[in-house]
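Novice: Following this line is upload.cif, made up of mmCIF, C-alpha atoms:
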data_final
loop_
_atom_site.group_PDB
_atom_site.id
_atom_site.type_symbol
_atom_site.label_atom_id
_atom_site.label_comp_id
_atom_site.auth_asym_id
_atom_site.auth_seq_id
_atom_site.Cartn_x
_atom_site.Cartn_y
_atom_site.Cartn_z
ATOM 1 C CA MET A 9 96.517 16.531 61.336
ATOM 2 C CA SER A 10 92.904 17.573 61.866
ATOM 3 C CA ILE A 11 90.483 15.843 64.198
ATOM 4 C CA VAL A 12 88.430 14.565 61.242
ATOM 5 C CA GLN A 13 91.514 13.027 59.611
ATOM 6 C CA SER A 14 92.564 11.370 62.863
ATOM 7 C CA PHE A 15 89.054 10.036 63.374
ATOM 8 C CA SER A 16 88.959 8.708 59.802
ATOM 9 C CA ILE A 17 92.264 6.908 60.176
ATOM 10 C CA TRP A 18 91.441 5.237 63.502
ATOM 11 C CA PHE A 19 87.700 4.525 63.153
ATOM 12 C CA ILE A 20 87.832 1.243 61.186
ATOM 13 C CA PRO A 21 90.637 -0.379 63.256
ATOM 14 C CA PHE A 22 88.844 0.721 66.436
ATOM 15 C CA LEU A 23 85.532 -0.702 65.184
ATOM 16 C CA ILE A 24 87.111 -4.060 64.238
ATOM 17 C CA GLY A 25 88.891 -4.267 67.588
ATOM 18 C CA PHE A 26 85.699 -3.380 69.440
ATOM 19 C CA ILE A 27 83.730 -6.081 67.611
ATOM 20 C CA LEU A 28 86.389 -8.694 68.373
ATOM 21 C CA LEU A 29 86.601 -7.711 72.046
ATOM 22 C CA TYR A 30 82.827 -7.577 72.430
ATOM 23 C CA GLY A 31 82.460 -10.983 70.757
ATOM 24 C CA THR A 32 85.091 -12.432 73.057
ATOM 25 C CA TYR A 33 83.369 -10.854 76.078
ATOM 26 C CA LYS A 34 80.078 -12.469 75.003
ATOM 27 C CA LYS A 35 81.950 -15.787 74.648
ATOM 28 C CA VAL A 36 81.455 -15.966 70.876
ATOM 29 C CA PRO A 37 84.239 -17.937 69.155
ATOM 30 C CA THR A 38 85.394 -14.916 67.140
ATOM 31 C CA TYR A 39 88.074 -16.620 65.035
ATOM 32 C CA GLU A 40 85.854 -19.557 64.122
ATOM 33 C CA THR A 41 83.000 -17.191 63.330
ATOM 34 C CA PHE A 42 85.324 -15.141 61.112
ATOM 35 C CA VAL A 43 86.485 -18.260 59.236
ATOM 36 C CA GLU A 44 82.888 -19.445 58.787
ATOM 37 C CA GLY A 45 81.951 -16.024 57.420
ATOM 38 C CA GLY A 46 84.879 -16.203 54.999
ATOM 39 C CA LYS A 47 83.715 -19.609 53.755
ATOM 40 C CA GLU A 48 80.198 -18.305 53.279
ATOM 41 C CA GLY A 49 81.501 -15.220 51.486
ATOM 42 C CA PHE A 50 83.538 -17.358 49.109
ATOM 43 C CA SER A 51 80.555 -19.539 48.219
ATOM 44 C CA ILE A 52 78.431 -16.433 47.625
ATOM 45 C CA ALA A 53 81.148 -15.033 45.348
ATOM 46 C CA ILE A 54 81.073 -18.246 43.298
ATOM 47 C CA ASN A 55 77.266 -18.133 43.113
ATOM 48 C CA ILE A 56 77.113 -14.541 41.830
ATOM 49 C CA ILE A 57 79.544 -15.073 38.927
ATOM 50 C CA PRO A 58 76.767 -15.836 36.366
ATOM 51 C CA PHE A 59 74.836 -12.718 37.401
ATOM 52 C CA LEU A 60 77.999 -10.619 37.262
ATOM 53 C CA VAL A 61 78.902 -11.873 33.785
ATOM 54 C CA GLY A 62 75.381 -11.128 32.562
ATOM 55 C CA MET A 63 75.560 -7.604 33.959
ATOM 56 C CA LEU A 64 78.970 -6.940 32.415
ATOM 57 C CA VAL A 65 77.748 -8.132 29.010
ATOM 58 C CA ALA A 66 74.681 -5.868 29.254
ATOM 59 C CA ILE A 67 76.882 -2.877 30.133
ATOM 60 C CA SER A 68 79.202 -3.588 27.219
ATOM 61 C CA VAL A 69 76.291 -3.827 24.781
ATOM 62 C CA PHE A 70 74.789 -0.569 26.119
ATOM 63 C CA ARG A 71 78.059 1.322 25.744
ATOM 64 C CA ALA A 72 79.076 -0.123 22.380
ATOM 65 C CA SER A 73 75.642 0.282 20.777
ATOM 66 C CA GLY A 74 75.724 4.071 21.010
ATOM 67 C CA ALA A 75 72.422 4.060 22.902
ATOM 68 C CA LEU A 76 73.811 6.474 25.486
ATOM 69 C CA ASP A 77 74.824 8.990 22.801
ATOM 70 C CA TYR A 78 71.410 8.702 21.154
ATOM 71 C CA ILE A 79 69.597 9.283 24.463
ATOM 72 C CA MET A 80 71.776 12.324 25.161
ATOM 73 C CA MET A 81 71.148 13.845 21.742
ATOM 74 C CA ALA A 82 67.376 13.388 22.055
ATOM 75 C CA MET A 83 67.169 14.746 25.610
ATOM 76 C CA ARG A 84 69.604 17.711 25.343
ATOM 77 C CA PRO A 85 66.829 20.351 24.860
ATOM 78 C CA LEU A 86 65.011 19.125 27.970
ATOM 79 C CA PHE A 87 68.206 19.229 30.046
ATOM 80 C CA SER A 88 69.047 22.765 28.970
ATOM 81 C CA LEU A 89 65.485 23.868 29.774
ATOM 82 C CA PHE A 90 66.059 22.842 33.429
ATOM 83 C CA HIS A 91 69.697 24.045 33.518
ATOM 84 C CA ILE A 92 71.058 20.530 33.910
ATOM 85 C CA PRO A 93 74.562 20.290 32.437
ATOM 86 C CA ALA A 94 74.426 17.736 29.646
ATOM 87 C CA GLU A 95 77.956 16.600 30.518
ATOM 88 C CA VAL A 96 76.824 14.945 33.759
ATOM 89 C CA VAL A 97 73.681 13.211 32.479
ATOM 90 C CA PRO A 98 75.580 10.205 31.064
ATOM 91 C CA LEU A 99 77.205 9.868 34.481
ATOM 92 C CA GLY A 100 73.767 9.813 36.125
ATOM 93 C CA LEU A 101 72.614 7.108 33.736
ATOM 94 C CA MET A 102 75.795 5.034 33.930
ATOM 95 C CA ARG A 103 75.890 5.228 37.728
ATOM 96 C CA THR A 104 72.713 3.144 37.962
ATOM 97 C CA ILE A 105 74.349 0.428 35.861
ATOM 98 C CA SER A 106 78.051 0.300 36.680
ATOM 99 C CA GLY A 107 80.110 1.779 39.468
ATOM 100 C CA THR A 108 83.341 1.266 37.542
ATOM 101 C CA GLY A 109 81.932 2.806 34.371
ATOM 102 C CA ALA A 110 80.607 5.767 36.342
ATOM 103 C CA LEU A 111 83.940 6.214 38.109
ATOM 104 C CA GLY A 112 85.659 6.294 34.721
ATOM 105 C CA MET A 113 83.218 8.953 33.528
ATOM 106 C CA THR A 114 83.740 10.960 36.718
ATOM 107 C CA SER A 115 87.509 10.783 36.254
ATOM 108 C CA ASP A 116 87.161 11.960 32.651
ATOM 109 C CA LEU A 117 84.930 14.871 33.658
ATOM 110 C CA ILE A 118 87.338 15.919 36.407
ATOM 111 C CA ALA A 119 90.317 15.632 34.043
ATOM 112 C CA THR A 120 88.493 17.700 31.411
ATOM 113 C CA TYR A 121 86.893 20.403 33.559
ATOM 114 C CA GLY A 122 88.993 20.313 36.735
ATOM 115 C CA PRO A 123 88.112 19.168 40.257
ATOM 116 C CA ASP A 124 87.024 22.638 41.417
ATOM 117 C CA SER A 125 84.815 23.376 38.408
ATOM 118 C CA PHE A 126 81.041 23.170 38.564
ATOM 119 C CA ILE A 127 81.107 19.991 36.451
ATOM 120 C CA GLY A 128 83.895 18.437 38.569
ATOM 121 C CA ARG A 129 82.147 19.135 41.851
ATOM 122 C CA LEU A 130 78.828 18.010 40.450
ATOM 123 C CA ALA A 131 80.261 14.766 39.059
ATOM 124 C CA SER A 132 81.887 13.989 42.409
ATOM 125 C CA THR A 133 78.669 14.669 44.283
ATOM 126 C CA ILE A 134 76.596 12.566 41.880
ATOM 127 C CA GLN A 135 79.102 9.742 42.278
ATOM 128 C CA GLY A 136 78.571 9.809 46.031
ATOM 129 C CA SER A 137 74.819 10.479 46.035
ATOM 130 C CA THR A 138 73.607 7.710 43.750
ATOM 131 C CA ASP A 139 74.009 3.951 43.647
ATOM 132 C CA THR A 140 74.485 1.139 41.167
ATOM 133 C CA THR A 141 70.854 0.072 41.366
ATOM 134 C CA PHE A 142 70.842 -2.395 38.472
ATOM 135 C CA TYR A 143 74.097 -3.958 39.655
ATOM 136 C CA VAL A 144 72.787 -4.357 43.195
ATOM 137 C CA LEU A 145 69.534 -5.898 42.015
ATOM 138 C CA THR A 146 71.206 -8.216 39.527
ATOM 139 C CA VAL A 147 74.082 -9.455 41.653
ATOM 140 C CA TYR A 148 72.870 -9.354 45.233
ATOM 141 C CA PHE A 149 69.224 -10.205 44.666
ATOM 142 C CA GLY A 150 70.301 -12.948 42.256
ATOM 143 C CA ALA A 151 72.754 -14.347 44.795
ATOM 144 C CA VAL A 152 70.068 -14.841 47.412
ATOM 145 C CA GLY A 153 67.419 -15.980 44.930
ATOM 146 C CA ILE A 154 65.020 -13.037 45.029
ATOM 147 C CA LYS A 155 62.983 -13.101 41.816
ATOM 148 C CA LYS A 156 60.410 -10.361 42.424
ATOM 149 C CA MET A 157 62.276 -7.080 42.403
ATOM 150 C CA LYS A 158 59.761 -4.728 40.788
ATOM 151 C CA TYR A 159 59.308 -2.500 43.850
ATOM 152 C CA ALA A 160 62.995 -2.528 44.758
ATOM 153 C CA LEU A 161 63.804 -1.383 41.214
ATOM 154 C CA LYS A 162 61.285 1.464 41.380
ATOM 155 C CA VAL A 163 62.498 2.665 44.769
ATOM 156 C CA GLY A 164 66.172 2.316 43.804
ATOM 157 C CA LEU A 165 65.748 4.312 40.589
ATOM 158 C CA LEU A 166 63.678 6.951 42.394
ATOM 159 C CA ALA A 167 66.433 7.278 45.004
ATOM 160 C CA ASP A 168 69.004 7.635 42.206
ATOM 161 C CA LEU A 169 66.934 10.361 40.538
ATOM 162 C CA ILE A 170 66.539 12.207 43.832
ATOM 163 C CA GLY A 171 70.287 11.900 44.476
ATOM 164 C CA PHE A 172 71.053 13.217 40.985
ATOM 165 C CA LEU A 173 68.699 16.203 41.272
ATOM 166 C CA ALA A 174 69.731 16.943 44.855
ATOM 167 C CA SER A 175 73.380 16.951 43.732
ATOM 168 C CA ILE A 176 72.600 19.600 41.129
ATOM 169 C CA ALA A 177 70.623 21.677 43.621
ATOM 170 C CA VAL A 178 73.199 21.443 46.425
ATOM 171 C CA ILE A 179 76.239 22.169 44.251
ATOM 172 C CA SER A 180 74.409 25.056 42.579
ATOM 173 C CA LEU A 181 73.405 26.543 45.936
ATOM 174 C CA LEU A 182 76.712 26.010 47.743
ATOM 175 C CA PHE A 183 79.117 27.123 45.069
ATOM 176 C CA TYR A 184 77.253 29.136 42.470
ATOM 177 C CA SER A 185 74.496 31.151 44.077
#
Please go through the file and, once you have read it, give me the structure as structure tokens.

Specialist:
Amino acid sequence: MSIVQSFSIWFIPFLIGFILLYGTYKKVPTYETFVEGGKEGFSIAINIIPFLVGMLVAISVFRASGALDYIMMAMRPLFSLFHIPAEVVPLGLMRTISGTGALGMTSDLIATYGPDSFIGRLASTIQGSTDTTFYVLTVYFGAVGIKKMKYALKVGLLADLIGFLASIAVISLLFYS
């Protein structure tokens, strides 16, 4: 077993143990604090259900309407001009909306093209380099009552675009230059 694998296996249990020991050392009631956090987490989960349902309905409408296919068809010439594989663009769009939907698309791309193909490596890198911006804003901001999210949306989508383009650049440079 490599050092990285050993580190990966033991890091989380070590971190949890360290937090518990440090809390006990600082005379924090660790068990009671854990239970209180669990109660708070449960109430937050109940509060975000309406936002989650709304997001899932919006995703379903987007997928079923064929809007994604229409966007792809209209933008294909632009993507080919910049050497962006059209197969991964729906993944880049879906990733901002739904982590589960994007994971399904990534799995399909890997099953179709293989994990060591350009598309497979690119899909995996996009999956790890972007975030579910709309989901985060809808669920988490809604849960804590933040109404003004204009700037967070702009920054989140810009970060997703940078992650998408950086994924293409890095995979192209590392594996196909």

Novice: Which residue gives the smallest distance to Ile105 of chain A among A:Arg71, A:Lys47, A:Lys162, A:Lys156, with all atoms listed in the file counted?

Specialist: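 The answer is A:Arg71, which sits nearest to Ile105 of chain A.
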
Novice: How many Å separate atom CA of Leu64 of chain A from atom CA of Tyr143 of chain A?

Specialist: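 Separation between atom CA of Leu64 of chain A and atom CA of Tyr143 of chain A: 9.2 Å.
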
Novice: Just checking: using all atoms listed in the file, which residue out of A:Val152, A:Leu181, A:Val96, A:Ile27 ends up closest to Tyr39 of chain A?

Specialist: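 Under the stated criterion, the closest residue is A:Ile27.
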
Novice: Can you pull out every residue within 12 Å of Ala167 of chain A, counting all atoms listed in the file, but drop anything in the same chain fewer than 5 positions away, and send it as number ranges by chain?

Specialist: A: 100, 104, 134, 137-141, 160-162, 172-175

Novice: To one decimal place in Å, what is the distance between atom CA of Gly112 of chain A and atom CA of Ala82 of chain A?

Specialist: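 For atom CA of Gly112 of chain A relative to atom CA of Ala82 of chain A, the distance reads 23.3 Å.
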
Novice: List the spatial neighbours of segment 59-62 of chain A as a PyMOL selection string - criterion: any atom at most 8 Å away, only C-alpha atoms, same-chain residues fewer than 5 positions off excluded.

Specialist: chain A and resi 146-147+150-151

Novice: Written as a PyMOL selection string, what is the full residue list that the PyMOL selection byres ((chain A and resi 115-127) around 10) yields on the file shown?

Specialist: chain A and resi 93-96+99+109-114+128-133+176+179-180+183-184

Novice: For a quick check of understanding, using only C-alpha atoms, which of A:Leu101, A:Met157, A:Ile67, A:Val144 has the smallest distance to Leu169 of chain A?

Specialist: A:Leu101

Novice: Could you complete segment 10-21 of chain A so that it carries all heavy atoms, and give it back as an mmCIF file, in the frame of the given file?

Specialist:
data_model
loop_
_atom_site.group_PDB
_atom_site.id
_atom_site.type_symbol
_atom_site.label_atom_id
_atom_site.label_comp_id
_atom_site.auth_asym_id
_atom_site.auth_seq_id
_atom_site.Cartn_x
_atom_site.Cartn_y
_atom_site.Cartn_z
ATOM 1 N N SER A 10 94.163 17.114 61.285
ATOM 2 C CA SER A 10 92.904 17.573 61.866
ATOM 3 C C SER A 10 92.216 16.440 62.632
ATOM 4 O O SER A 10 92.550 15.261 62.498
ATOM 5 C CB SER A 10 91.979 18.097 60.773
ATOM 6 O OG SER A 10 91.456 17.022 60.029
ATOM 7 N N ILE A 11 91.239 16.817 63.413
ATOM 8 C CA ILE A 11 90.483 15.843 64.198
ATOM 9 C C ILE A 11 89.732 14.885 63.276
ATOM 10 O O ILE A 11 89.685 13.677 63.524
ATOM 11 C CB ILE A 11 89.510 16.565 65.146
ATOM 12 C CG1 ILE A 11 90.300 17.346 66.201
ATOM 13 C CG2 ILE A 11 88.548 15.597 65.802
ATOM 14 C CD1 ILE A 11 89.456 18.247 67.071
ATOM 15 N N VAL A 12 89.177 15.404 62.188
ATOM 16 C CA VAL A 12 88.430 14.565 61.242
ATOM 17 C C VAL A 12 89.360 13.542 60.594
ATOM 18 O O VAL A 12 89.007 12.364 60.456
ATOM 19 C CB VAL A 12 87.731 15.438 60.177
ATOM 20 C CG1 VAL A 12 87.113 14.586 59.092
ATOM 21 C CG2 VAL A 12 86.686 16.324 60.824
ATOM 22 N N GLN A 13 90.559 13.961 60.207
ATOM 23 C CA GLN A 13 91.514 13.027 59.611
ATOM 24 C C GLN A 13 91.925 11.951 60.611
ATOM 25 O O GLN A 13 92.002 10.769 60.261
ATOM 26 C CB GLN A 13 92.746 13.762 59.098
ATOM 27 C CG GLN A 13 92.494 14.539 57.827
ATOM 28 C CD GLN A 13 93.724 15.325 57.403
ATOM 29 O OE1 GLN A 13 94.452 15.834 58.240
ATOM 30 N NE2 GLN A 13 93.928 15.410 56.102
ATOM 31 N N SER A 14 92.200 12.343 61.836
ATOM 32 C CA SER A 14 92.564 11.370 62.863
ATOM 33 C C SER A 14 91.429 10.382 63.109
ATOM 34 O O SER A 14 91.657 9.177 63.216
ATOM 35 C CB SER A 14 92.908 12.077 64.178
ATOM 36 O OG SER A 14 94.038 12.886 64.014
ATOM 37 N N PHE A 15 90.219 10.895 63.183
ATOM 38 C CA PHE A 15 89.054 10.036 63.374
ATOM 39 C C PHE A 15 88.916 9.055 62.214
ATOM 40 O O PHE A 15 88.665 7.869 62.419
ATOM 41 C CB PHE A 15 87.791 10.895 63.506
ATOM 42 C CG PHE A 15 86.539 10.092 63.700
ATOM 43 C CD1 PHE A 15 86.239 9.524 64.929
ATOM 44 C CD2 PHE A 15 85.662 9.887 62.646
ATOM 45 C CE1 PHE A 15 85.093 8.773 65.111
ATOM 46 C CE2 PHE A 15 84.508 9.139 62.814
ATOM 47 C CZ PHE A 15 84.229 8.578 64.054
ATOM 48 N N SER A 16 89.081 9.556 60.987
ATOM 49 C CA SER A 16 88.959 8.708 59.802
ATOM 50 C C SER A 16 89.990 7.594 59.798
ATOM 51 O O SER A 16 89.687 6.453 59.438
ATOM 52 C CB SER A 16 89.120 9.543 58.530
ATOM 53 O OG SER A 16 88.109 10.493 58.423
ATOM 54 N N ILE A 17 91.190 7.899 60.185
ATOM 55 C CA ILE A 17 92.264 6.908 60.176
ATOM 56 C C ILE A 17 92.032 5.815 61.215
ATOM 57 O O ILE A 17 92.260 4.636 60.965
ATOM 58 C CB ILE A 17 93.630 7.597 60.404
ATOM 59 C CG1 ILE A 17 93.993 8.447 59.179
ATOM 60 C CG2 ILE A 17 94.721 6.590 60.707
ATOM 61 C CD1 ILE A 17 95.192 9.353 59.396
ATOM 62 N N TRP A 18 91.540 6.185 62.398
ATOM 63 C CA TRP A 18 91.441 5.237 63.502
ATOM 64 C C TRP A 18 90.078 4.576 63.656
ATOM 65 O O TRP A 18 89.938 3.615 64.407
ATOM 66 C CB TRP A 18 91.806 5.931 64.811
ATOM 67 C CG TRP A 18 93.276 6.174 64.887
ATOM 68 C CD1 TRP A 18 93.926 7.345 64.700
ATOM 69 C CD2 TRP A 18 94.284 5.195 65.139
ATOM 70 N NE1 TRP A 18 95.274 7.175 64.811
ATOM 71 C CE2 TRP A 18 95.527 5.844 65.094
ATOM 72 C CE3 TRP A 18 94.266 3.828 65.400
ATOM 73 C CZ2 TRP A 18 96.715 5.185 65.292
ATOM 74 C CZ3 TRP A 18 95.455 3.170 65.605
ATOM 75 C CH2 TRP A 18 96.664 3.854 65.550
ATOM 76 N N PHE A 19 89.053 5.043 62.938
ATOM 77 C CA PHE A 19 87.700 4.525 63.153
ATOM 78 C C PHE A 19 87.576 3.042 62.805
ATOM 79 O O PHE A 19 87.075 2.256 63.603
ATOM 80 C CB PHE A 19 86.666 5.342 62.373
ATOM 81 C CG PHE A 19 85.274 4.843 62.587
ATOM 82 C CD1 PHE A 19 84.623 5.080 63.787
ATOM 83 C CD2 PHE A 19 84.623 4.107 61.621
ATOM 84 C CE1 PHE A 19 83.345 4.603 64.012
ATOM 85 C CE2 PHE A 19 83.347 3.625 61.832
ATOM 86 C CZ PHE A 19 82.702 3.878 63.031
ATOM 87 N N ILE A 20 87.998 2.639 61.618
ATOM 88 C CA ILE A 20 87.832 1.243 61.186
ATOM 89 C C ILE A 20 88.627 0.288 62.076
ATOM 90 O O ILE A 20 88.066 -0.716 62.551
ATOM 91 C CB ILE A 20 88.203 1.068 59.699
ATOM 92 C CG1 ILE A 20 87.274 1.900 58.812
ATOM 93 C CG2 ILE A 20 88.172 -0.400 59.283
ATOM 94 C CD1 ILE A 20 85.831 1.472 58.825
ATOM 95 N N PRO A 21 89.930 0.541 62.339
ATOM 96 C CA PRO A 21 90.637 -0.379 63.256
ATOM 97 C C PRO A 21 89.989 -0.442 64.648
ATOM 98 O O PRO A 21 89.891 -1.520 65.230
ATOM 99 C CB PRO A 21 92.047 0.204 63.350
ATOM 100 C CG PRO A 21 92.218 1.004 62.114
ATOM 101 C CD PRO A 21 90.853 1.526 61.768
#
